[in-house]
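Below: the structure, in structure tokens.
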Amino acid sequence: MSATETAIALADEHSAHNYHPLPVVVATAEGAWMTDVEGRRYLDMLAGYSALNFGHGNRRLIEAAKAQLERVTLTSRAFHHDRFAAFCTQLAELCGMEAVLPMNTGAEAVETAVKTARKWGYRVKGVPDGRARIVVASDNFHGRTTTIVSFSTDEEARADFGPYTPGFDIVPYGDLAALRAAVTDDTVAVLLEPIQGEAGVLVPPPGYLAGARELTRERNVLLIADEIQSGLGRTGRTFACEHEGVVPDMYVLGKALGGGVVPVSAVVSSKAVLGVFRPGEHGSTFGGNPLACAVALEVIAMLRTGEFQERATELGEHLHAELGLLTGTGKVTEVRGRGLWAGVDIDPSFGTGREISEKLMDRGVLVKDTHGSTIRIAPPLVISKDDLDWGLAQLRSVLGA
Ligand SMILES: *Cc1c(COP(=O)(O)O)cnc(C)c1O
């Protein structure tokens, strides 16, 4: 057996099969490239679902992590540490907001947003106890906890994990009238992805986010933007909401906030909203730890320059121009996205997303399929234009275009 086959067989034998990875075993990575255990190189066009916006082994992030590893890595929130204030101040500033509640994974940050909204509803809005409701969108992806899968419309993610947490109303994504109809006096929040990532990079119709903003303001409801995947440069802006000039009441951040080095997530909002928490009411042993703060501070510093947003805009225009040409081939039915982020629907008669992904892997390009017939393209924002073009050439070859 090859080194690849051996590693995969052992992983299959000793791990839960909650993923169906492509048969590649990565050993090292740098920038937009990964190298497998047999020395083959692959262009990473997934970037850890946008956790790796700044590329593999980004020197600034690695140096920040190394320096912090030598100082202090964990205090728990029982004590203060000297990276915490800077992290909260600078993240709040990047978001144009006032306060930060740090967690680790995206799902934890979404859970935190749900708890915050409910508590705000009872303590500030005055919703009668136990009646708070949160409106969410169909085809959402907000994480994997029991509460979050309770409001998923993806049966694969949801089935067999009940009993489900009540208190959520699901409306079709992109339908402003349905959103308006779902909001009642008991609604405390509307939770949306500004662009739905896992659903296949679905961009809502123009005016949807702005309409949701207006509606939530009118009805004294929090607008929560889950920018875990869409945020931090991916779409050409720091936040995807900016494309519609929308500022939500709360950002939920994760993935790229930890630079692909450590898990870092956060809820960012106003003092009035995050001020609902008192000591003991919510927390996390690792949330806001010194190592996480040191890495995230470097991520924030890189985003402040605007250079990654600019890159995503420029390369994104090129990516979408090139992908647009594929819709004429008959092999691709639709291309969606914004910035350096695209969902490409493959005509099912030509092949599944998985088959296309495997063929791309054989040509040295790594992408991930989603929902059967879609492949998602989201390379690190540091990818060179030549490498992007090379990756696109492999896609054209696989499609016989
Ligand atoms: C990935 C993702 C999450 C969950 O993040 P985890 O770190 O995997 O828990 C939540 N929301 C969105 C939009 C995501 O893309």
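In the structure tokens, chains take the letters A, B, ... in the order shown, each chain's residues start at 1, and ligands count up from 1 in the order shown.
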
Protein and nucleic acid residues within 7 Å of ligand 1 (only C-alpha atoms and all ligand atoms) as an mmCIF file with N, CA, C and O atoms, in the first residue's frame:
data_model
loop_
_atom_site.group_PDB
_atom_site.id
_atom_site.type_symbol
_atom_site.label_atom_id
_atom_site.label_comp_id
_atom_site.auth_asym_id
_atom_site.auth_seq_id
_atom_site.Cartn_x
_atom_site.Cartn_y
_atom_site.Cartn_z
ATOM 1 N N TYR A 49 -12.482 26.204 4.227
ATOM 2 C CA TYR A 49 -13.790 26.880 4.271
ATOM 3 C C TYR A 49 -13.621 28.351 4.670
ATOM 4 O O TYR A 49 -14.394 28.878 5.464
ATOM 5 N N THR A 105 -14.974 28.245 18.591
ATOM 6 C CA THR A 105 -15.469 27.800 17.288
ATOM 7 C C THR A 105 -16.643 28.664 16.835
ATOM 8 O O THR A 105 -17.248 29.390 17.631
ATOM 9 N N GLY A 106 -16.962 28.541 15.551
ATOM 10 C CA GLY A 106 -18.078 29.285 14.998
ATOM 11 C C GLY A 106 -19.388 28.911 15.682
ATOM 12 O O GLY A 106 -20.182 29.793 16.044
ATOM 13 N N ALA A 107 -19.611 27.614 15.854
ATOM 14 C CA ALA A 107 -20.870 27.171 16.458
ATOM 15 C C ALA A 107 -21.041 27.764 17.855
ATOM 16 O O ALA A 107 -22.142 28.193 18.231
ATOM 17 N N GLU A 108 -19.968 27.831 18.605
ATOM 18 C CA GLU A 108 -20.051 28.434 19.945
ATOM 19 C C GLU A 108 -20.425 29.908 19.870
ATOM 20 O O GLU A 108 -21.140 30.421 20.734
ATOM 21 N N VAL A 110 -22.195 31.295 17.473
ATOM 22 C CA VAL A 110 -23.616 31.359 17.116
ATOM 23 C C VAL A 110 -24.478 31.072 18.350
ATOM 24 O O VAL A 110 -25.472 31.762 18.608
ATOM 25 N N PHE A 141 -26.565 27.527 7.248
ATOM 26 C CA PHE A 141 -25.594 26.727 7.988
ATOM 27 C C PHE A 141 -24.976 27.604 9.067
ATOM 28 O O PHE A 141 -24.287 28.577 8.771
ATOM 29 N N HIS A 142 -25.225 27.261 10.328
ATOM 30 C CA HIS A 142 -24.686 28.045 11.435
ATOM 31 C C HIS A 142 -23.870 27.187 12.403
ATOM 32 O O HIS A 142 -23.465 27.678 13.451
ATOM 33 N N GLY A 143 -23.678 25.896 12.084
ATOM 34 C CA GLY A 143 -22.887 25.056 12.972
ATOM 35 C C GLY A 143 -23.602 23.757 13.300
ATOM 36 O O GLY A 143 -24.622 23.431 12.681
ATOM 37 N N ARG A 144 -23.068 23.036 14.286
ATOM 38 C CA ARG A 144 -23.462 21.635 14.494
ATOM 39 C C ARG A 144 -23.978 21.295 15.887
ATOM 40 O O ARG A 144 -24.124 20.117 16.197
ATOM 41 N N GLU A 193 -27.024 34.542 7.267
ATOM 42 C CA GLU A 193 -25.736 34.633 6.599
ATOM 43 C C GLU A 193 -25.925 35.646 5.458
ATOM 44 O O GLU A 193 -26.822 35.456 4.628
ATOM 45 N N GLN A 196 -24.994 32.784 1.785
ATOM 46 C CA GLN A 196 -25.020 31.443 2.383
ATOM 47 C C GLN A 196 -23.906 30.577 1.800
ATOM 48 O O GLN A 196 -23.962 30.199 0.628
ATOM 49 N N GLY A 197 -22.912 30.254 2.635
ATOM 50 C CA GLY A 197 -21.740 29.526 2.173
ATOM 51 C C GLY A 197 -21.994 28.053 1.905
ATOM 52 O O GLY A 197 -21.915 27.588 0.760
ATOM 53 N N GLU A 198 -22.374 27.308 2.950
ATOM 54 C CA GLU A 198 -22.537 25.861 2.802
ATOM 55 C C GLU A 198 -23.668 25.520 1.842
ATOM 56 O O GLU A 198 -23.644 24.476 1.202
ATOM 57 N N ASP A 226 -24.270 36.368 10.575
ATOM 58 C CA ASP A 226 -23.272 35.313 10.715
ATOM 59 C C ASP A 226 -22.278 35.472 9.560
ATOM 60 O O ASP A 226 -22.522 35.027 8.447
ATOM 61 N N GLU A 227 -21.178 36.157 9.868
ATOM 62 C CA GLU A 227 -20.129 36.420 8.861
ATOM 63 C C GLU A 227 -18.936 35.502 9.083
ATOM 64 O O GLU A 227 -17.806 35.829 8.726
ATOM 65 N N ILE A 228 -19.200 34.337 9.675
ATOM 66 C CA ILE A 228 -18.117 33.399 9.973
ATOM 67 C C ILE A 228 -17.379 32.987 8.701
ATOM 68 O O ILE A 228 -16.156 32.891 8.687
ATOM 69 N N GLN A 229 -18.137 32.777 7.623
ATOM 70 C CA GLN A 229 -17.501 32.381 6.368
ATOM 71 C C GLN A 229 -17.408 33.546 5.376
ATOM 72 O O GLN A 229 -16.450 33.658 4.619
ATOM 73 N N GLY A 254 -15.700 34.020 13.002
ATOM 74 C CA GLY A 254 -14.940 32.810 13.343
ATOM 75 C C GLY A 254 -13.958 32.551 12.228
ATOM 76 O O GLY A 254 -13.402 33.480 11.655
ATOM 77 N N LYS A 255 -13.783 31.291 11.900
ATOM 78 C CA LYS A 255 -12.921 30.865 10.793
ATOM 79 C C LYS A 255 -11.666 31.739 10.626
ATOM 80 O O LYS A 255 -10.719 31.556 11.368
#

Write out as a tab-separated table the residues of range 228-328 of chain A that have any atom within 12 Å of an atom of range 203-218 of chain A, one row each with the nearest atom pair and its distance in Å to one decimal, counting only C-alpha atoms, sorted by chain and then rising number.
residue	atom	partner	partner_atom	distance
A:Ser230	CA	A:Val203	CA	10.5
A:Thr235	CA	A:Val203	CA	10.9
A:Ala240	CA	A:Val203	CA	10.0
A:Cys241	CA	A:Leu209	CA	7.3
A:Glu242	CA	A:Leu209	CA	9.8
A:His243	CA	A:Leu209	CA	9.4
A:Glu244	CA	A:Ala210	CA	6.2
A:Gly245	CA	A:Ala210	CA	7.3
A:Val246	CA	A:Ala210	CA	5.9
A:Val247	CA	A:Arg213	CA	7.8
A:Pro248	CA	A:Arg213	CA	6.9
A:Asp249	CA	A:Arg213	CA	9.0
A:Met250	CA	A:Arg213	CA	11.6

Please produce, as CSV, a per-residue contact table for range 17-125 of chain A versus range 362-374 of chain A (criterion: any atom at most 12 Å away, only C-alpha atoms considered), showing the nearest atom pair and its distance in Å to one decimal, sorted by chain then residue number.
residue,atom,partner,partner_atom,distance
A:Tyr19,CA,A:Lys368,CA,11.8
A:His20,CA,A:Lys368,CA,10.4
A:Pro21,CA,A:Lys368,CA,8.9
A:Leu22,CA,A:Lys368,CA,8.3
A:Pro23,CA,A:Asp362,CA,10.0
A:Val24,CA,A:Leu366,CA,9.2
A:Val25,CA,A:Leu366,CA,11.7
A:Val26,CA,A:Leu366,CA,11.0
A:Ala32,CA,A:Leu366,CA,10.4
A:Trp33,CA,A:Val365,CA,9.2
A:Met34,CA,A:Leu366,CA,9.1
A:Thr35,CA,A:Gly364,CA,9.8
A:Asp36,CA,A:Gly364,CA,10.5
A:Gly39,CA,A:Gly364,CA,11.6
A:Arg40,CA,A:Gly364,CA,7.9
A:Arg41,CA,A:Gly364,CA,6.4
A:Tyr42,CA,A:Gly364,CA,4.4
A:Leu43,CA,A:Val365,CA,4.8
A:Asp44,CA,A:Leu366,CA,5.1
A:Met45,CA,A:Val367,CA,5.2
A:Leu46,CA,A:Val367,CA,5.2
A:Ala47,CA,A:Val367,CA,8.8
A:Gly48,CA,A:Lys368,CA,9.8
A:Tyr49,CA,A:Lys368,CA,9.0
A:Ser50,CA,A:Val367,CA,11.9

Judged by only C-alpha atoms, the minimum distance to Val124 in chain A among A:Gln90, A:Asn140, A:Asn220, A:Thr327 is found for A:Asn220

Excluding Thr153 in chain A and residues on its chain fewer than 5 positions from it, collect all residues at most 8 Å away from it, counting only C-alpha atoms, and give them as JSON, numbers by chain.
-> {"A": [138, 139, 140, 158]}

Take the residues that were just selected and, keeping N, CA, C and O atoms, output them as a PDB file, in the first residue's frame.
ATOM      1  N   SER A 138     -34.090  29.413   5.549  1.00  0.00           N
ATOM      2  CA  SER A 138     -33.944  28.054   5.034  1.00  0.00           C
ATOM      3  C   SER A 138     -32.550  27.883   4.429  1.00  0.00           C
ATOM      4  O   SER A 138     -31.935  28.873   3.993  1.00  0.00           O
ATOM      5  N   ASP A 139     -32.073  26.680   4.389  1.00  0.00           N
ATOM      6  CA  ASP A 139     -30.756  26.341   3.822  1.00  0.00           C
ATOM      7  C   ASP A 139     -29.594  26.995   4.563  1.00  0.00           C
ATOM      8  O   ASP A 139     -28.482  27.080   4.048  1.00  0.00           O
ATOM      9  N   ASN A 140     -29.880  27.453   5.781  1.00  0.00           N
ATOM     10  CA  ASN A 140     -28.812  28.069   6.571  1.00  0.00           C
ATOM     11  C   ASN A 140     -27.759  27.044   6.973  1.00  0.00           C
ATOM     12  O   ASN A 140     -28.023  25.854   7.047  1.00  0.00           O
ATOM     13  N   ARG A 158     -29.651  17.307  10.516  1.00  0.00           N
ATOM     14  CA  ARG A 158     -30.630  17.444  11.582  1.00  0.00           C
ATOM     15  C   ARG A 158     -31.216  16.114  12.088  1.00  0.00           C
ATOM     16  O   ARG A 158     -31.420  15.937  13.298  1.00  0.00           O
TER      17      ARG A 158
END

Would you return as an mmCIF file with C-alpha atoms, in the first residue's frame the members of range 160-387 of chain A that DSSP assigns to helix (DSSP H, G or I) on this structure's backbone?
data_model
loop_
_atom_site.group_PDB
_atom_site.id
_atom_site.type_symbol
_atom_site.label_atom_id
_atom_site.label_comp_id
_atom_site.auth_asym_id
_atom_site.auth_seq_id
_atom_site.Cartn_x
_atom_site.Cartn_y
_atom_site.Cartn_z
ATOM 1 C CA LEU A 176 -38.254 39.775 2.322
ATOM 2 C CA ALA A 177 -42.033 39.466 2.443
ATOM 3 C CA ALA A 178 -41.756 36.117 4.224
ATOM 4 C CA LEU A 179 -39.296 37.641 6.680
ATOM 5 C CA ARG A 180 -41.659 40.524 7.356
ATOM 6 C CA ALA A 181 -44.557 38.132 7.942
ATOM 7 C CA ALA A 182 -42.539 36.016 10.377
ATOM 8 C CA TYR A 208 -32.688 41.793 0.835
ATOM 9 C CA LEU A 209 -30.165 42.604 3.548
ATOM 10 C CA ALA A 210 -31.033 46.300 3.470
ATOM 11 C CA GLY A 211 -34.719 45.370 3.749
ATOM 12 C CA ALA A 212 -33.973 43.042 6.663
ATOM 13 C CA ARG A 213 -32.082 45.898 8.320
ATOM 14 C CA GLU A 214 -35.000 48.284 7.913
ATOM 15 C CA LEU A 215 -37.535 45.729 9.129
ATOM 16 C CA THR A 216 -35.545 44.738 12.220
ATOM 17 C CA ARG A 217 -34.966 48.382 13.134
ATOM 18 C CA GLU A 218 -38.702 49.139 12.798
ATOM 19 C CA ALA A 240 -20.246 40.929 3.215
ATOM 20 C CA CYS A 241 -22.981 43.140 4.724
ATOM 21 C CA GLU A 242 -21.026 46.162 3.471
ATOM 22 C CA HIS A 243 -21.994 45.368 -0.124
ATOM 23 C CA GLU A 244 -25.488 46.556 0.769
ATOM 24 C CA LYS A 255 -12.921 30.865 10.793
ATOM 25 C CA ALA A 256 -10.405 33.421 9.378
ATOM 26 C CA LEU A 257 -10.313 35.283 12.710
ATOM 27 C CA GLY A 258 -7.914 32.569 13.884
ATOM 28 C CA LYS A 271 -22.591 47.674 24.901
ATOM 29 C CA ALA A 272 -26.364 47.797 25.248
ATOM 30 C CA VAL A 273 -26.656 44.292 23.769
ATOM 31 C CA LEU A 274 -23.585 42.521 25.183
ATOM 32 C CA PRO A 290 -3.634 34.744 24.995
ATOM 33 C CA LEU A 291 -2.569 32.637 22.005
ATOM 34 C CA ALA A 292 -5.911 33.169 20.277
ATOM 35 C CA CYS A 293 -5.779 36.910 20.971
ATOM 36 C CA ALA A 294 -2.196 37.225 19.692
ATOM 37 C CA VAL A 295 -3.034 35.502 16.399
ATOM 38 C CA ALA A 296 -6.331 37.349 15.974
ATOM 39 C CA LEU A 297 -4.604 40.689 16.644
ATOM 40 C CA GLU A 298 -2.327 39.977 13.697
ATOM 41 C CA VAL A 299 -5.353 39.025 11.557
ATOM 42 C CA ILE A 300 -7.020 42.311 12.504
ATOM 43 C CA ALA A 301 -3.840 44.266 11.696
ATOM 44 C CA MET A 302 -3.694 42.648 8.243
ATOM 45 C CA LEU A 303 -7.357 43.434 7.585
ATOM 46 C CA ARG A 304 -6.897 47.053 8.623
ATOM 47 C CA GLU A 307 -4.881 44.967 0.965
ATOM 48 C CA PHE A 308 -6.575 41.574 1.302
ATOM 49 C CA GLN A 309 -9.998 43.029 0.596
ATOM 50 C CA GLU A 310 -8.523 44.707 -2.495
ATOM 51 C CA ARG A 311 -6.943 41.440 -3.643
ATOM 52 C CA ALA A 312 -10.227 39.598 -3.164
ATOM 53 C CA THR A 313 -11.995 42.247 -5.236
ATOM 54 C CA GLU A 314 -9.462 42.216 -8.081
ATOM 55 C CA LEU A 315 -8.890 38.470 -8.238
ATOM 56 C CA GLY A 316 -12.604 37.942 -7.647
ATOM 57 C CA GLU A 317 -13.532 39.977 -10.713
ATOM 58 C CA HIS A 318 -11.128 37.865 -12.730
ATOM 59 C CA LEU A 319 -12.432 34.614 -11.212
ATOM 60 C CA HIS A 320 -16.047 35.471 -11.965
ATOM 61 C CA ALA A 321 -15.257 36.655 -15.489
ATOM 62 C CA GLU A 322 -13.533 33.327 -16.197
ATOM 63 C CA LEU A 323 -16.222 31.209 -14.523
ATOM 64 C CA GLY A 324 -18.902 33.144 -16.401
ATOM 65 C CA LEU A 325 -17.450 31.794 -19.646
ATOM 66 C CA LEU A 326 -18.092 28.232 -18.431
ATOM 67 C CA THR A 327 -21.855 28.695 -18.280
ATOM 68 C CA GLY A 328 -21.831 28.678 -22.097
ATOM 69 C CA THR A 329 -20.312 25.186 -22.199
ATOM 70 C CA GLY A 353 -19.695 17.727 -7.537
ATOM 71 C CA ARG A 354 -17.774 14.916 -5.902
ATOM 72 C CA GLU A 355 -16.694 13.433 -9.249
ATOM 73 C CA ILE A 356 -15.519 16.832 -10.456
ATOM 74 C CA SER A 357 -13.648 17.378 -7.175
ATOM 75 C CA GLU A 358 -11.892 14.008 -7.551
ATOM 76 C CA LYS A 359 -10.906 14.753 -11.134
ATOM 77 C CA LEU A 360 -9.571 18.140 -10.053
ATOM 78 C CA MET A 361 -7.601 16.444 -7.290
ATOM 79 C CA ASP A 362 -5.965 14.175 -9.876
ATOM 80 C CA LYS A 385 -3.112 35.428 -10.316
ATOM 81 C CA ASP A 386 -0.979 32.879 -12.216
ATOM 82 C CA ASP A 387 -1.848 30.131 -9.749
#

Identify, with DSSP run on backbone atoms, the residues in range 121-218 of chain A assigned to strand (DSSP E), and express the list as a PyMOL selection string.
-> chain A and resi 133-137+168-171+187-192

Please dump the current selection as a compact mmCIF listing (two decimals), in the first residue's frame; keep all heavy atoms.
# COMPACT_ATOMS: atom_id res chain seq x y z
N ARG A 133 -38.44 34.46 20.29
CA ARG A 133 -38.30 33.70 19.04
C ARG A 133 -37.24 34.35 18.16
O ARG A 133 -37.04 35.57 18.18
CB ARG A 133 -39.64 33.64 18.29
CG ARG A 133 -40.74 33.00 19.12
CD ARG A 133 -41.90 32.53 18.25
NE ARG A 133 -41.54 31.41 17.39
CZ ARG A 133 -41.49 30.13 17.78
NH1 ARG A 133 -41.78 29.80 19.02
NH2 ARG A 133 -41.16 29.19 16.92
N ILE A 134 -36.56 33.51 17.41
CA ILE A 134 -35.51 33.98 16.49
C ILE A 134 -35.87 33.49 15.09
O ILE A 134 -36.17 32.31 14.89
CB ILE A 134 -34.12 33.47 16.93
CG1 ILE A 134 -33.75 34.09 18.30
CG2 ILE A 134 -33.06 33.81 15.88
CD1 ILE A 134 -32.47 33.59 18.91
N VAL A 135 -35.86 34.42 14.14
CA VAL A 135 -36.17 34.06 12.75
C VAL A 135 -34.87 33.75 12.01
O VAL A 135 -33.90 34.52 12.10
CB VAL A 135 -36.94 35.19 12.03
CG1 VAL A 135 -37.29 34.77 10.60
CG2 VAL A 135 -38.22 35.55 12.80
N VAL A 136 -34.85 32.62 11.32
CA VAL A 136 -33.67 32.19 10.56
C VAL A 136 -34.11 31.85 9.13
O VAL A 136 -35.30 31.82 8.83
CB VAL A 136 -33.01 30.95 11.21
CG1 VAL A 136 -32.54 31.25 12.62
CG2 VAL A 136 -33.97 29.76 11.21
N ALA A 137 -33.14 31.58 8.27
CA ALA A 137 -33.44 31.32 6.86
C ALA A 137 -33.30 29.84 6.52
O ALA A 137 -32.48 29.13 7.10
CB ALA A 137 -32.52 32.15 5.97
N PHE A 168 -37.49 28.86 17.17
CA PHE A 168 -36.96 29.36 15.90
C PHE A 168 -38.04 29.30 14.82
O PHE A 168 -38.81 28.34 14.76
CB PHE A 168 -35.73 28.55 15.47
CG PHE A 168 -34.60 28.66 16.47
CD1 PHE A 168 -34.46 27.72 17.48
CD2 PHE A 168 -33.72 29.73 16.42
CE1 PHE A 168 -33.45 27.85 18.43
CE2 PHE A 168 -32.71 29.87 17.36
CZ PHE A 168 -32.56 28.92 18.36
N ASP A 169 -38.08 30.32 13.99
CA ASP A 169 -38.99 30.35 12.85
C ASP A 169 -38.16 30.41 11.58
O ASP A 169 -37.27 31.26 11.47
CB ASP A 169 -39.91 31.57 12.94
CG ASP A 169 -40.78 31.52 14.19
OD1 ASP A 169 -41.53 30.54 14.34
OD2 ASP A 169 -40.67 32.44 15.03
N ILE A 170 -38.45 29.50 10.65
CA ILE A 170 -37.65 29.41 9.43
C ILE A 170 -38.42 29.98 8.25
O ILE A 170 -39.56 29.60 8.01
CB ILE A 170 -37.28 27.93 9.14
CG1 ILE A 170 -36.57 27.32 10.36
CG2 ILE A 170 -36.39 27.84 7.90
CD1 ILE A 170 -36.37 25.81 10.29
N VAL A 171 -37.78 30.92 7.55
CA VAL A 171 -38.40 31.51 6.35
C VAL A 171 -37.48 31.30 5.16
O VAL A 171 -36.27 31.13 5.33
CB VAL A 171 -38.66 33.03 6.54
CG1 VAL A 171 -39.67 33.27 7.65
CG2 VAL A 171 -37.37 33.79 6.82
N THR A 187 -40.46 38.29 18.61
CA THR A 187 -39.21 38.08 17.89
C THR A 187 -38.11 38.93 18.51
O THR A 187 -38.28 40.15 18.66
CB THR A 187 -39.38 38.44 16.39
OG1 THR A 187 -40.47 37.69 15.86
CG2 THR A 187 -38.10 38.11 15.61
N VAL A 188 -37.00 38.27 18.84
CA VAL A 188 -35.88 39.01 19.43
C VAL A 188 -34.76 39.24 18.42
O VAL A 188 -33.98 40.18 18.56
CB VAL A 188 -35.33 38.31 20.69
CG1 VAL A 188 -36.38 38.31 21.79
CG2 VAL A 188 -34.86 36.88 20.39
N ALA A 189 -34.68 38.35 17.42
CA ALA A 189 -33.58 38.49 16.46
C ALA A 189 -33.92 37.85 15.13
O ALA A 189 -34.74 36.93 15.05
CB ALA A 189 -32.31 37.84 17.02
N VAL A 190 -33.27 38.37 14.09
CA VAL A 190 -33.23 37.72 12.78
C VAL A 190 -31.77 37.35 12.57
O VAL A 190 -30.89 38.20 12.65
CB VAL A 190 -33.72 38.66 11.67
CG1 VAL A 190 -33.44 38.07 10.29
CG2 VAL A 190 -35.21 38.96 11.83
N LEU A 191 -31.53 36.05 12.36
CA LEU A 191 -30.16 35.55 12.20
C LEU A 191 -29.97 35.10 10.75
O LEU A 191 -30.68 34.21 10.27
CB LEU A 191 -29.94 34.36 13.14
CG LEU A 191 -28.69 33.49 12.93
CD1 LEU A 191 -27.41 34.29 13.12
CD2 LEU A 191 -28.72 32.28 13.88
N LEU A 192 -29.02 35.74 10.05
CA LEU A 192 -28.81 35.44 8.63
C LEU A 192 -27.34 35.34 8.28
O LEU A 192 -26.51 36.02 8.90
CB LEU A 192 -29.39 36.58 7.76
CG LEU A 192 -30.88 36.83 7.76
CD1 LEU A 192 -31.17 38.11 6.99
CD2 LEU A 192 -31.63 35.65 7.16

Using only C-alpha atoms, which of the listed residues (A:Leu222, A:Gly167, A:Val382, A:Glu111) sits closest to Gly130 in chain A?
-> A:Gly167

For range 80-82 of chain A, list every protein, DNA or RNA residue within 10 Å, evaluated using only C-alpha atoms, and leave out those in the same chain fewer than 4 positions away; present the list as a ChimeraX atom specification.
-> /A:72-76,86-87,288-290,293-294

If you keep C-alpha atoms, can you produce a file of those selected residues as an mmCIF file, in the first residue's frame?
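Dumped to selection27.cif:
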data_model
loop_
_atom_site.group_PDB
_atom_site.id
_atom_site.type_symbol
_atom_site.label_atom_id
_atom_site.label_comp_id
_atom_site.auth_asym_id
_atom_site.auth_seq_id
_atom_site.Cartn_x
_atom_site.Cartn_y
_atom_site.Cartn_z
ATOM 1 C CA VAL A 72 1.791 32.648 27.988
ATOM 2 C CA THR A 73 -0.835 30.556 26.214
ATOM 3 C CA LEU A 74 -3.727 30.201 28.634
ATOM 4 C CA THR A 75 -4.883 31.934 31.767
ATOM 5 C CA SER A 76 -8.613 31.175 31.627
ATOM 6 C CA ALA A 86 -6.002 44.973 22.732
ATOM 7 C CA PHE A 87 -7.877 42.120 21.050
ATOM 8 C CA GLY A 288 -10.179 34.818 24.507
ATOM 9 C CA ASN A 289 -6.992 32.973 25.491
ATOM 10 C CA PRO A 290 -3.634 34.744 24.995
ATOM 11 C CA CYS A 293 -5.779 36.910 20.971
ATOM 12 C CA ALA A 294 -2.196 37.225 19.692
#

Could you check which of A:Arg237, A:His282, A:Lys115, A:Arg123 is closest to Arg338 in chain A, using only C-alpha atoms?
-> A:Arg237

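Going from CA of Ala199 in chain A to CA of Pro172 in chain A covers 12.6 Å.
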
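The gap separating CA of Asp186 in chain A from CA of Ala157 in chain A is 27.3 Å, in Å to one decimal.
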
Go through A:Ala113, A:Leu253, A:Thr333, A:Val262 and flag the residue nearest Ala65 in chain A, using only C-alpha atoms for the distances.
-> A:Val262
